[in-house]
Amino acid sequence: MAGDSKTALLAGAASAAGSERGIPAHVAIIMDGNGRWAARRGLPRAEGHRRGVEAVRRAVRAAIDLGVQYLTVYSFSSENWRRPAAEVADLMGLLKLFVRRDLADLHANGVRVRIIGERRGLADDIAALLREAEERTAQNTRLTLVVAFNYGGRQEIVRAVQALARAVQEGRLAPEAIDLAAVGTALDTHDIPDPDLVIRTSGEQRVSNFLTWQTAYSEFVFIPDLWPDFDHAAFAAAVGEYRSRERRFGGLSVQVS
């Protein structure tokens, strides 16, 4: 776990550097509103999801333009399996199309793809696509696109606790050594800095089991736009709101002696 701790420290330094210059090093987005966007136009939900993929492309370009280092998108939650089978099939189909059509472009633009979430139980073709996306772009450094797929924040913490429990059971870790850093290194995001800014579209104001551990000190911006309407201007406005805030991390803006 020593290597993981070093990686986590480096990732934290990257986040701090981003904050110092006013640009969030890591922006995470809860992409909400595809179904409502389609319903308001009398279109099937699948069309809303398709337009949502276009918004992901715009968000990636905006992140690069603005100098963001990490962009995390909540693409498919652990709870999304409860949706109608036809809608889940549509979402899986869009994932396949996105990887097949966009991976080459992402790679050419220096984007590294990272997948977080539970992989056990995924269909073989989906699991293979996720591996391909990560392996093909592993050496890229311009932007890290983190795709939260089959992801739930609480579920991630449970997996981390189970891993730490196994380490204790096997004698590789003392119980008293389990601290914040140890938990952090057991998470899916062990090599990714915590989000500086979380954006949620559609006007809803909740986190929906997204990056539960990592967003403890994130700034949140809730915007009324439905996800398919999200564009460069909306991204820049959210970053502008973030830059207007003072992040104290539990301390005081002016230290009193």
# chains A, B, ... in the order shown; residues from 1 in each chain; ligands from 1

$ residues_around --residues "stretch 19-36 of chain A" --least-positions-apart "4" --cutoff "9 Å" --atoms "only C-alpha atoms" --output "PDB file with C-alpha atoms, in the first residue's frame"
ATOM      1  CA  ALA A  14      -2.177  18.191  -8.271  1.00  0.00           C
ATOM      2  CA  SER A  15      -5.540  19.181  -6.803  1.00  0.00           C
ATOM      3  CA  ARG A  40     -40.507  17.906 -22.952  1.00  0.00           C
ATOM      4  CA  ARG A  41     -39.966  17.421 -26.675  1.00  0.00           C
ATOM      5  CA  PRO A  44     -38.360   8.734 -26.540  1.00  0.00           C
ATOM      6  CA  ARG A  45     -36.028   8.550 -23.550  1.00  0.00           C
ATOM      7  CA  ALA A  46     -33.429   6.874 -25.768  1.00  0.00           C
ATOM      8  CA  GLU A  47     -33.114  10.097 -27.743  1.00  0.00           C
ATOM      9  CA  GLY A  48     -32.475  11.991 -24.540  1.00  0.00           C
ATOM     10  CA  HIS A  49     -29.663   9.589 -23.673  1.00  0.00           C
ATOM     11  CA  ARG A  50     -28.211   9.919 -27.183  1.00  0.00           C
ATOM     12  CA  ARG A  51     -28.172  13.703 -26.865  1.00  0.00           C
ATOM     13  CA  GLY A  52     -26.612  13.236 -23.443  1.00  0.00           C
ATOM     14  CA  VAL A  56     -20.309  14.419 -22.717  1.00  0.00           C
ATOM     15  CA  ALA A  63     -12.525  20.626 -19.655  1.00  0.00           C
ATOM     16  CA  LEU A  66     -10.426  25.385 -19.334  1.00  0.00           C
ATOM     17  CA  GLY A  67      -7.350  23.521 -18.102  1.00  0.00           C
ATOM     18  CA  VAL A  68      -9.126  20.965 -15.926  1.00  0.00           C
ATOM     19  CA  GLN A  69      -6.931  17.931 -15.252  1.00  0.00           C
ATOM     20  CA  TYR A  70      -9.568  15.379 -14.195  1.00  0.00           C
ATOM     21  CA  LEU A  71     -13.185  15.123 -15.326  1.00  0.00           C
ATOM     22  CA  THR A  72     -15.433  12.497 -13.750  1.00  0.00           C
ATOM     23  CA  VAL A  73     -18.844  11.739 -15.244  1.00  0.00           C
ATOM     24  CA  TYR A  74     -21.534   9.657 -13.549  1.00  0.00           C
ATOM     25  CA  SER A  75     -22.514   7.537 -16.528  1.00  0.00           C
ATOM     26  CA  VAL A 146     -13.009   9.177 -15.217  1.00  0.00           C
ATOM     27  CA  ILE A 192      -7.237  10.336  -8.518  1.00  0.00           C
ATOM     28  CA  PRO A 193      -7.481  13.581  -6.495  1.00  0.00           C
ATOM     29  CA  ASP A 194     -10.767  14.327  -4.763  1.00  0.00           C
ATOM     30  CA  PRO A 195     -13.111  16.542  -6.792  1.00  0.00           C
ATOM     31  CA  ASP A 196     -12.705  20.262  -6.221  1.00  0.00           C
ATOM     32  CA  LEU A 197     -16.033  20.962  -7.923  1.00  0.00           C
ATOM     33  CA  VAL A 198     -19.156  18.866  -8.387  1.00  0.00           C
ATOM     34  CA  ILE A 199     -21.725  20.014 -10.948  1.00  0.00           C
ATOM     35  CA  ARG A 200     -25.239  18.604 -11.079  1.00  0.00           C
ATOM     36  CA  THR A 201     -27.578  19.479 -13.903  1.00  0.00           C
ATOM     37  CA  SER A 202     -31.412  19.576 -14.027  1.00  0.00           C
ATOM     38  CA  GLY A 203     -31.879  21.619 -10.847  1.00  0.00           C
ATOM     39  CA  GLU A 204     -31.852  18.628  -8.496  1.00  0.00           C
ATOM     40  CA  VAL A 207     -25.471  13.649  -4.582  1.00  0.00           C
ATOM     41  CA  SER A 208     -27.294  10.388  -5.434  1.00  0.00           C
ATOM     42  CA  PHE A 210     -21.883   9.668  -6.150  1.00  0.00           C
ATOM     43  CA  LEU A 211     -18.300   9.826  -4.804  1.00  0.00           C
ATOM     44  CA  ASP A 225     -29.949  23.075 -17.414  1.00  0.00           C
ATOM     45  CA  LEU A 226     -30.926  19.542 -18.388  1.00  0.00           C
ATOM     46  CA  TRP A 227     -27.883  17.486 -19.269  1.00  0.00           C
ATOM     47  CA  PRO A 228     -28.382  17.391 -23.080  1.00  0.00           C
ATOM     48  CA  VAL A 239     -16.054  27.025 -12.919  1.00  0.00           C
ATOM     49  CA  GLY A 240     -16.525  30.781 -12.523  1.00  0.00           C
ATOM     50  CA  TYR A 242     -16.246  27.830  -8.064  1.00  0.00           C
ATOM     51  CA  ARG A 243     -13.522  30.462  -8.465  1.00  0.00           C
ATOM     52  CA  SER A 244     -15.631  32.997  -6.575  1.00  0.00           C
ATOM     53  CA  ARG A 247     -12.280  26.971   0.266  1.00  0.00           C
TER      54      ARG A 247
END

$ select_by_dssp --residues "stretch 50-240 of chain A" --states "alpha helix (DSSP H)" --output "VMD selection string"
chain A and resid 50 to 66 85 to 108 124 to 136 153 to 169 180 to 186 232 to 240

$ select_by_dssp --residues "stretch 21-64 of chain A" --states "strand (DSSP E or B)" --output "PDB file with C-alpha atoms, in the first residue's frame"
ATOM      1  CA  HIS A  26     -10.882  17.873 -10.752  1.00  0.00           C
ATOM      2  CA  VAL A  27     -14.464  18.471 -11.823  1.00  0.00           C
ATOM      3  CA  ALA A  28     -17.100  15.769 -11.304  1.00  0.00           C
ATOM      4  CA  ILE A  29     -20.486  15.923 -13.007  1.00  0.00           C
ATOM      5  CA  ILE A  30     -23.796  14.281 -12.140  1.00  0.00           C
TER       6      ILE A  30
END

$ residues_around --residues "A:Leu164" --least-positions-apart "2" --cutoff "8 Å" --atoms "only C-alpha atoms" --output "MDAnalysis selection string"
chainID A and resid 160:162 166:168 173 178 183 186

$ residues_around --residues "A:Arg61" --least-positions-apart "3" --cutoff "12 Å" --atoms "only C-alpha atoms" --output "ChimeraX atom specification"
/A:54-58,64-69,71,105-106,109-111,142-143,145,231-233,235-236

$ residues_around --residues "A:Glu134" --least-positions-apart "2" --cutoff "10 Å" --atoms "only C-alpha atoms" --output "compact mmCIF listing (two decimals) with C-alpha atoms, in the first residue's frame"
# COMPACT_ATOMS: atom_id res chain seq x y z
CA LEU A 103 -12.01 6.38 -28.23
CA ARG A 112 -6.67 9.13 -20.53
CA VAL A 113 -9.77 7.08 -19.72
CA ARG A 114 -10.23 5.61 -16.25
CA ILE A 115 -13.21 3.50 -15.22
CA LEU A 129 -14.65 -2.42 -23.96
CA LEU A 130 -13.85 -0.86 -20.59
CA ARG A 131 -10.46 -2.58 -20.52
CA GLU A 132 -9.74 -1.48 -24.08
CA ARG A 136 -5.30 2.17 -25.11
CA THR A 137 -5.19 5.57 -23.40
CA ALA A 138 -3.11 4.67 -20.33
CA GLN A 139 -0.13 6.86 -21.24
CA LEU A 145 -11.67 11.26 -18.10
CA VAL A 146 -13.01 9.18 -15.22
